[in-house]
Every structure is written in structure tokens, then in C-alpha cells.
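For reference, the structure discussed in these notes is given below.
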Protein chains: 2
Amino acid sequence: MIRSKDIAKIAGVSRSTVSRVINNYPNVPPETYKKVMDVIKKYNYKPNLSARVLVGKKNNTIGIFVVSLTPFQNSIFKLNLFQNNYFGPFVDALIDISNSSGFYSLVNIAYKKEDVERIIEIFAEMRIDGGILIGMDRKDPMILEIARLGLPFVVVHYDENYLLNNVENASFGIINTLDYEAGVEATEYLISMGHRNIAFLNGRLTNYSAFERFRGYLQAMKNHNLPLKKEFILHGKYLRHLTEIEIKKVVESKELPSAIICCNDDMALITMNLLRELKIRIPEDISIISFDNVPLSEYTQPGLTTFNMPIYEIAEKSFTTLQKLLTLKKSSSHTFFYELPMTLVERGSVLKIKYTEKF
Amino acid sequence: MIRSKDIAKIAGVSRSTVSRVINNYPNVPPETYKKVMDVIKKYNYKPNLSARVLVGKKNNTIGIFVVSLTPFQNSIFKLNLFQNNYFGPFVDALIDISNSSGFYSLVNIAYKKEDVERIIEIFAEMRIDGGILIGMDRKDPMILEIARLGLPFVVVHYDENYLLNNVENASFGIINTLDYEAGVEATEYLISMGHRNIAFLNGRLTNYSAFERFRGYLQAMKNHNLPLKKEFILHGKYLRHLTEIEIKKVVESKELPSAIICCNDDMALITMNLLRELKIRIPEDISIISFDNVPLSEYTQPGLTTFNMPIYEIAEKSFTTLQKLLTLKKSSSHTFFYELPMTLVERGSVLKIKYTEKF
DNA sequence: CTGAAAGCGCTTACAG
DNA sequence: CTGAAAGCGCTTACAG
């Protein structure tokens, strides 16, 4: 393989000059530039990346990291990312966006605790200029370790205060969606449709969205002076079997809620299937509202009313934020924080009912 | 950031010894190993990747390259990979597989001719140890350029003879599916169902699968002494508008085929929609058979009878082949060639009919 | 405008 | 078993 030394010899200049041409430095007269460039073209010479990075040049590579430690079990699929409604499209979008901006993308998925160590290694080994992380707990301490490594990063769905308070001298961005607001809005939407007995099926509360959505529900119930019934707070934890257990429990109890807020579409879909089996009609007997707007939610009977998760926009914002971080000088630290709205997609799973109680 | 020099000093050994520990060389006594390793652990030292690669160590990174030059236009989607039924899952599967085998994955998508140059650069810059390529024409000369660079690679859906004849001193693998055989089988299946007037809607014939499937059709028609009617050879080129034009043309002509073989599901889906609009019933008036088995094909009315494209298996075979290439000594060149079967998925789009002509 | 020299952080014969 | 030295392929002050 041809090296800069060879190019220099053939072009009759020094390696320094070859380097100046490669890096497009201004202090090269046109004739010299052309002379060298012709040789480079002719021999199809590409500077060795490792050598360049070693002397401090940019890698032009961003890391895309997905942490998917508690997969939603689904025996049909061999893989998580492969058929995941959220991580899959997110990664694909990010690859598309970064490639079209001239960046290379190193993608890594962590399915087990040990895999997380590899993500940290990628930062430490300087394989990348910076990284985008998605899927960890809202206060996952892994981020703190990464922050210590000094490379800029963007984290999606993470507790901003925790990060701001625990990290200093780091450049990073946080991209969240307005899950709390969506939680409030979901609850108030049901109330406006006449519902008062509203159950909430929780996801894993260590997860940012799950935590915020539930917080929104609690606040909205409080604001409207609606009592919080312990039996109506369900714990599905994003798991199929727990979802089924919890739903069965509430169905068999003396009082049926008129509506259930499911913390995500996956659990909502399972809930709908189970209710159908139990001969409980949706939305006549129970209304369902949920979050994420996965593709399937459009095709259920009835269609699932849900809040849209703007996956593509999150990917876009993550990338532009990282790019901004990359261009800012390394000497000082910068933080950016964005929140993206989630909008209601009304389909058929919520029924307008008459008040059955006085207030 | 801490370097091997620092570790050496703290541990009271030379850099050579630190290097021996890092690389797990046998000639290090346990006490020395422990002494050094303790320091490494304590300071969380990670050797700089670029420096290691520069002296000839492996990158531990494979490239995953998708060439998607003629996207199937679909204005709903902002992206290609993002919602592509074939490349998206393929890339996701490959990331999953390579990550779980301890490899990093650099993913790059080429949408334009210029992007292809970047893929070649990635090889030339030695960002990767080897690469897997998918989506180019069956004789895309780009592969020849890559082969010249000397890194091992695996190419999916490519003309094996062209590659074998034009490349020497290179290590590579070719993974194909048995598209020719599927083309034959599709035709013979229709024949066994009583069809004689069989049209074929072509994709882009520069594409491996498109070429092979059509070749299979031609051969099967010949084997069964069925006449090839020019009006029944349609040219959709994987494009929506051409597909619609061609289908309209055949529908408006004097003679209707009793069955159409569509070169892929995307075109089959468009065909089915169009025929429905034209009040032509499937399968009563026209039977449809196709290739790929995209997720949607299960949900159409009637379900689409199609040959399954084993995406996950292709990804798996591609990776294991590349891995094999990587472990073989670089001095000699090796080639591997695999063909994966496509199996018929019978759904409702093909009708069994009575012979309407004598033979 | 240009070249010689030093240096980036590793590994690897080589010598002992 | 271990260290000193050379070298991987670049870039970057420095000097002219």
C-alpha cells in the first residue's frame, strides 16, 4: 500500500508538503498543489486513518449506542433491535442522518450489563469523536463514567437534573420528549371524555418515559380532585406476563375502571388482546389510551389512541446537537437540553361516556 | 488521559512489559502480570486504538455497507433504510450478530454514486478489518476496486463468475440466494395450478435477484413448452410509476394473463392495489405470486403468495464467512461461495384453475 | 513557501 | 523474563 513518503518522493517534495496538500492548507502554491494532487490521484492514495487520529486529527466517526437491557419478551423474534419498534428505526434514522452529513457511524448495542463496558471502551479508545446514547435508565450511572472520559455525547431520555448536578467539565446534550406533559394530557383527555375511574398501567419506573408519564397522570388526577385508587395503579414493568397478571387482577376485582392508560403501546396491545379474550369490549367496556404510536397501533381493532413518539425528530436533534458539540472548542464545556413534544393520535380505543358519578 | 508509559512508570516496569500484559503474552510471570494489571485496573487504562492499529493490530471492526442507489419511491417515508423492508432488517441483524461476537460495526449507506466513493475510502483508510456489502448491481465494478485494496470482504447478491474471473489475490465471500431456482419454482407452481398465460413483471435486470428470477421464469416456460408472449414480459424496474404503467397496459390489451409473477413484493403490492381499483379480482381473475415475503405481504387481502427472502440467515452467513476470512492468514487468498434457499409461502393470491387451452 | 526533525502511543524484534 | 530502541504513518511547530 502506498504511503505519504512514496507520494512525496514521486512528486519530488517532502512529506510535510504532501500533508499540507492532504489537509488543504492555504500555504501551498497552486502549482505545487496540483503536482502533488496529481500523484495522489494517480496512485489513489488515501492517508492512513490511524496515523492521523494518533496525531490528533478527527475520526469523523460518531458512536450510536443502544442499551436494551430488559427486552420486551417476544419469542417470535430472534433479535431485539432487529424488530424493535423504537430502537430499530432510531438507529436506522441516525445512520441515515449522520452518513448524509459526512460522518461515519459506529453502532453498538448492549443487551447485557457486560456489554455496557464495551460502550465505555469505545469512548476510552477514542474510536469515535463523540456518541449518542439511548435506552438506559433515567439515572443510569454509566453516563457519569462516559462523561469523565471527556468526549462529547448526547443522551436521549435521561434525567437532566441528575446529569447536570453530577457532571462537570463535560460537553453533552440531553434530548427528551415531553412525557410528563403527555401523561397529563392523556389523563385530561380521558376526563374530558367523561372518564373518572382511570387506571394506569406502569412500565419500569427506572425508565425516563415511564417515570414521567406516570408523574403526569398523578398530577392530572390531583389537579382534577380525582381519588387515586391503589387497585388502579398497575405494574406491568414492560413485561408481558406482568401486564397480563395485572390486567387480570383489575378485571376480576369488584370495580372496573372505565379507562386504562397504558405506559406504552406494547403493553396496550397485550392488554387489548387479553381483554378481548375476557370478553370485555374496547372501548364500550373499557377505553384504552397509550404512548409511542408504534406501526401496529394503526391496525388493531379498534385503532389505538396513542401519543406519537417522534423518533425521527429525536434522531435528528441528537445528531445536530452532537455536531454542534463537536465544532465547539474542547477547552470549555457546553451543555444543551431539548424537549420534543408528543402529539395525540386519536383513533378508536377511547369512548366518550356519561358521568356515572356526581362531583 | 493515562498512557502505557505512565502505567509502566507506576508499576515499575518497562512499556514493553505493559504491552505484554495488555496483549496477554505468555512470557509474563504471574506476579509481574498482577502488578501491572492492578495499575491498569486502578487507573482504568485503555490502550489507544489508533496506535495499536498503526502497528498492525486488528481494528476489531467490520464495515456494513448498503448501496441503495435506486430507492423504491415512497413519499410517506423520509428515509430509505429507515423503512426499507430489506436493508433495514439486514443491517439490524448484522449489527446484532457482529456485536454479540465481539466486533464493532461501522455502518455506511450509499444513496448516491458519490457515496460509493466513501465506502471505498473506509476500506482504504483501514477503518475496518473487513466489510460486508449489499445492494449493488450484480456486476457492479465497485467490488473490483475494493478487492484491489486487499482487505477481506463478503458481498451479498452478486454474480459469482464475474467476481471470480475478474479478481485475483483477494480474499472474499459471496452469499447468494437461489433466486433462479425460485424463479423456476414460481413458474412451475403456477403451471401446476393450471396456469398457462403467465406474465412476468421484471425488476431492474442489473440487480442480481431480478436477473436470476427472470432467468428462472424463462427457463421454466421453455421446459414446459409454453410460448413466451412479448406482451407478457413487463418492465416495472422496481419503480412505482412504471409498474402501474405496465400493469395497465397488460390489463387493457386483448388478452389477460391468468397469473403474474412479480419480481418482488413491493411491486406485487402495487399491482394488487391497482388491479383492485380496476375491478379485477385477485385471485379469481388474475393470480399473483411474488418474492421476498415482506411483513406486509401477510396482511393484504388476499394474503400474498411469495418466496421468503431469508434475511437473517443471509446476515448470519455473511458474518461467519467474513469472520472465517479474517482468521485465515493474510498471505494467501481464499474465496467462499454460499447459496441459500428461498421457500414458498403459500397464501391466497394464487387460484387453482382449469386448463383453458389444449396442449 | 518548504523541508528536517520530533512526536503521537503503541508493539516488536533484538539482545541480554 | 525484561528493557532499550526502532518503527508504524502521519502532522506540526520550527527554522530558513
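So you can find residues: chains in the C-alpha cells are A, B, ... in the order shown, residues in each start at 1, and ligands are numbered from 1 in order.
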
Produce a table with one row for each residue of chain B that has an atom at most 6 Å from any atom of chain A, each row naming the nearest atom pair and its distance in Å at one decimal; use only C-alpha atoms; arrange rows by chain and rising residue number; format as a Markdown table.
| residue | atom | partner | partner_atom | distance |
| --- | --- | --- | --- | --- |
| B:Asn48 | CA | A:Glu125 | CA | 5.1 |
| B:Leu49 | CA | A:Glu125 | CA | 5.3 |
| B:Ser50 | CA | A:Ser50 | CA | 4.4 |
| B:Leu54 | CA | A:Ser50 | CA | 5.7 |
| B:Phe82 | CA | A:Asp92 | CA | 4.9 |
| B:Pro89 | CA | A:Phe82 | CA | 5.7 |
| B:Asp92 | CA | A:Phe82 | CA | 4.9 |
| B:Ala93 | CA | A:Phe82 | CA | 5.5 |
| B:Ser105 | CA | A:Leu106 | CA | 5.6 |
| B:Leu106 | CA | A:Leu106 | CA | 4.4 |
| B:Val107 | CA | A:Ser105 | CA | 5.7 |
| B:Glu125 | CA | A:Asn48 | CA | 5.0 |

task = Restrict the distance test to only C-alpha atoms (C1' of nucleotides), flag each residue of chain D within 10 Å of chain A, and return the flagged residues as a PyMOL selection string.
result = chain D and resi 8-12

Find the residues near A:Met142: any atom within 8 Å, counting only C-alpha atoms (C1' of nucleotides), skip ones fewer than 3 places away on the same chain, and give them as a PyMOL selection string. chain A and resi 116+145-146

Requested in this report: Tell me, as a ChimeraX atom specification, which residues lie within 10 Å of C:DC1, counting only C-alpha atoms (C1' of nucleotides); anything in the same chain fewer than 5 positions away does not count.
Outcome: /A:17,27-29,32

Please save C-alpha atoms of the selected residues as a PDB file, in the first residue's frame.
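Wrote it out as part_25.pdb, contents follow:
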ATOM      1  CA  THR A  17       4.147  19.285   1.725  1.00  0.00           C
ATOM      2  CA  ASN A  27       0.258  27.964   2.233  1.00  0.00           C
ATOM      3  CA  VAL A  28       0.667  25.783  -0.823  1.00  0.00           C
ATOM      4  CA  PRO A  29       1.042  27.437  -4.228  1.00  0.00           C
ATOM      5  CA  THR A  32       2.772  22.549  -6.003  1.00  0.00           C
TER       6      THR A  32
END

- prompt: How far is it from atom CA of B:Val13 to atom C1' of C:DC14, in Å with one decimal?
  reply: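 Computed distance, atom CA of B:Val13 to atom C1' of C:DC14, equals 18.3 Å.
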
Check stretch 93-334 of chain B with DSSP on the backbone and list each residue it calls strand (DSSP E), as an mmCIF file with C-alpha atoms, in the first residue's frame.
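The resulting file, result39.cif, is reproduced below:
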data_model
loop_
_atom_site.group_PDB
_atom_site.id
_atom_site.type_symbol
_atom_site.label_atom_id
_atom_site.label_comp_id
_atom_site.auth_asym_id
_atom_site.auth_seq_id
_atom_site.Cartn_x
_atom_site.Cartn_y
_atom_site.Cartn_z
ATOM 1 C CA TYR B 104 -17.666 -3.344 16.301
ATOM 2 C CA SER B 105 -19.750 -2.352 13.317
ATOM 3 C CA LEU B 106 -19.196 0.654 11.137
ATOM 4 C CA VAL B 107 -22.305 1.159 9.061
ATOM 5 C CA ASN B 108 -22.453 3.183 5.884
ATOM 6 C CA ILE B 109 -25.223 3.681 3.374
ATOM 7 C CA ALA B 110 -24.718 4.916 -0.169
ATOM 8 C CA GLY B 130 -13.120 -6.285 6.519
ATOM 9 C CA GLY B 131 -16.556 -5.487 5.180
ATOM 10 C CA ILE B 132 -19.918 -6.846 4.147
ATOM 11 C CA LEU B 133 -21.617 -5.290 1.129
ATOM 12 C CA ILE B 134 -25.178 -5.495 -0.019
ATOM 13 C CA PHE B 153 -14.940 -8.734 2.193
ATOM 14 C CA VAL B 154 -18.241 -10.506 1.727
ATOM 15 C CA VAL B 155 -20.717 -9.472 -0.922
ATOM 16 C CA VAL B 156 -24.376 -10.407 -0.910
ATOM 17 C CA PHE B 172 -13.710 -12.728 -0.278
ATOM 18 C CA GLY B 173 -17.020 -14.462 0.126
ATOM 19 C CA ILE B 174 -20.209 -14.377 -1.904
ATOM 20 C CA ILE B 175 -23.598 -15.073 -0.382
ATOM 21 C CA ASN B 176 -26.497 -15.519 -2.758
ATOM 22 C CA THR B 177 -29.999 -16.816 -2.511
ATOM 23 C CA ILE B 198 -48.147 -16.327 -17.219
ATOM 24 C CA ALA B 199 -46.818 -12.803 -17.267
ATOM 25 C CA PHE B 200 -43.601 -11.698 -15.595
ATOM 26 C CA LEU B 201 -43.168 -8.227 -14.118
ATOM 27 C CA ASN B 202 -39.458 -7.517 -14.150
ATOM 28 C CA ILE B 233 -42.952 -9.533 -20.295
ATOM 29 C CA LEU B 234 -43.434 -6.384 -18.223
ATOM 30 C CA HIS B 235 -40.818 -3.905 -17.097
ATOM 31 C CA ALA B 259 -51.239 -15.082 -13.498
ATOM 32 C CA ILE B 260 -48.492 -12.530 -12.983
ATOM 33 C CA ILE B 261 -45.144 -13.282 -11.404
ATOM 34 C CA CYS B 262 -43.959 -10.078 -9.768
ATOM 35 C CA SER B 287 -53.306 -14.811 -9.716
ATOM 36 C CA ILE B 288 -50.260 -13.103 -8.232
ATOM 37 C CA ILE B 289 -47.059 -14.670 -6.988
ATOM 38 C CA SER B 290 -44.001 -12.846 -5.871
ATOM 39 C CA PHE B 291 -40.674 -12.857 -3.976
ATOM 40 C CA ASP B 292 -39.316 -11.501 -0.678
ATOM 41 C CA THR B 305 -48.163 -15.979 -2.031
ATOM 42 C CA THR B 306 -44.446 -15.312 -2.153
ATOM 43 C CA PHE B 307 -40.974 -16.781 -1.718
ATOM 44 C CA ASN B 308 -39.282 -15.964 1.540
#

Using the chain letters and numbers from this document, which residues of stretch 72-195 of chain A does DSSP assign to helix (DSSP H, G or I), as a PyMOL selection string?
chain A and resi 81-83+87-100+113-124+142-148+160-166+179-192

How about saving the chosen residues, C-alpha atoms kept, as an mmCIF file, in the first residue's frame?
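Wrote again-v7.cif, looks like this:
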data_model
loop_
_atom_site.group_PDB
_atom_site.id
_atom_site.type_symbol
_atom_site.label_atom_id
_atom_site.label_comp_id
_atom_site.auth_asym_id
_atom_site.auth_seq_id
_atom_site.Cartn_x
_atom_site.Cartn_y
_atom_site.Cartn_z
ATOM 1 C CA LEU A 81 -33.008 -4.287 17.608
ATOM 2 C CA PHE A 82 -33.973 -6.250 14.533
ATOM 3 C CA GLN A 83 -37.646 -5.949 15.236
ATOM 4 C CA PHE A 87 -34.576 1.301 18.740
ATOM 5 C CA GLY A 88 -34.540 -0.130 15.234
ATOM 6 C CA PRO A 89 -35.969 2.908 13.476
ATOM 7 C CA PHE A 90 -33.969 5.206 15.725
ATOM 8 C CA VAL A 91 -30.677 3.605 14.784
ATOM 9 C CA ASP A 92 -31.604 3.479 11.126
ATOM 10 C CA ALA A 93 -32.564 7.136 11.123
ATOM 11 C CA LEU A 94 -29.361 8.112 12.862
ATOM 12 C CA ILE A 95 -27.223 6.188 10.387
ATOM 13 C CA ASP A 96 -29.014 7.871 7.532
ATOM 14 C CA ILE A 97 -28.632 11.313 9.025
ATOM 15 C CA SER A 98 -25.002 11.027 10.061
ATOM 16 C CA ASN A 99 -23.932 9.422 6.793
ATOM 17 C CA SER A 100 -25.557 12.145 4.800
ATOM 18 C CA LYS A 113 -24.663 -5.428 31.729
ATOM 19 C CA GLU A 114 -21.260 -6.560 30.446
ATOM 20 C CA ASP A 115 -21.947 -5.086 27.023
ATOM 21 C CA VAL A 116 -22.174 -1.662 28.574
ATOM 22 C CA GLU A 117 -18.481 -1.894 29.399
ATOM 23 C CA ARG A 118 -17.767 -2.115 25.679
ATOM 24 C CA ILE A 119 -19.542 1.143 25.048
ATOM 25 C CA ILE A 120 -17.345 2.829 27.599
ATOM 26 C CA GLU A 121 -14.313 1.245 25.956
ATOM 27 C CA ILE A 122 -15.274 2.670 22.605
ATOM 28 C CA PHE A 123 -15.184 6.122 24.141
ATOM 29 C CA ALA A 124 -11.956 5.432 26.011
ATOM 30 C CA MET A 142 -22.929 4.673 33.169
ATOM 31 C CA ILE A 143 -23.346 8.157 31.752
ATOM 32 C CA LEU A 144 -21.240 9.584 34.538
ATOM 33 C CA GLU A 145 -18.387 7.301 33.566
ATOM 34 C CA ILE A 146 -18.667 8.320 29.970
ATOM 35 C CA ALA A 147 -18.751 11.986 30.892
ATOM 36 C CA ARG A 148 -15.470 11.528 32.737
ATOM 37 C CA GLU A 160 -31.489 16.261 33.091
ATOM 38 C CA ASN A 161 -31.065 17.395 36.691
ATOM 39 C CA TYR A 162 -29.242 14.266 37.679
ATOM 40 C CA LEU A 163 -26.796 14.748 34.857
ATOM 41 C CA LEU A 164 -26.366 18.477 35.361
ATOM 42 C CA ASN A 165 -25.725 18.027 39.079
ATOM 43 C CA ASN A 166 -23.328 15.135 38.838
ATOM 44 C CA ASP A 179 -43.590 12.607 28.522
ATOM 45 C CA TYR A 180 -44.786 14.296 31.682
ATOM 46 C CA GLU A 181 -46.939 16.630 29.625
ATOM 47 C CA ALA A 182 -48.213 13.715 27.574
ATOM 48 C CA GLY A 183 -49.097 11.911 30.807
ATOM 49 C CA VAL A 184 -51.081 14.927 31.945
ATOM 50 C CA GLU A 185 -52.711 15.312 28.560
ATOM 51 C CA ALA A 186 -53.678 11.644 28.327
ATOM 52 C CA THR A 187 -55.382 11.844 31.698
ATOM 53 C CA GLU A 188 -57.152 15.099 30.958
ATOM 54 C CA TYR A 189 -58.256 13.796 27.599
ATOM 55 C CA LEU A 190 -59.932 10.847 29.310
ATOM 56 C CA ILE A 191 -61.503 13.179 31.861
ATOM 57 C CA SER A 192 -62.834 15.362 29.076
#
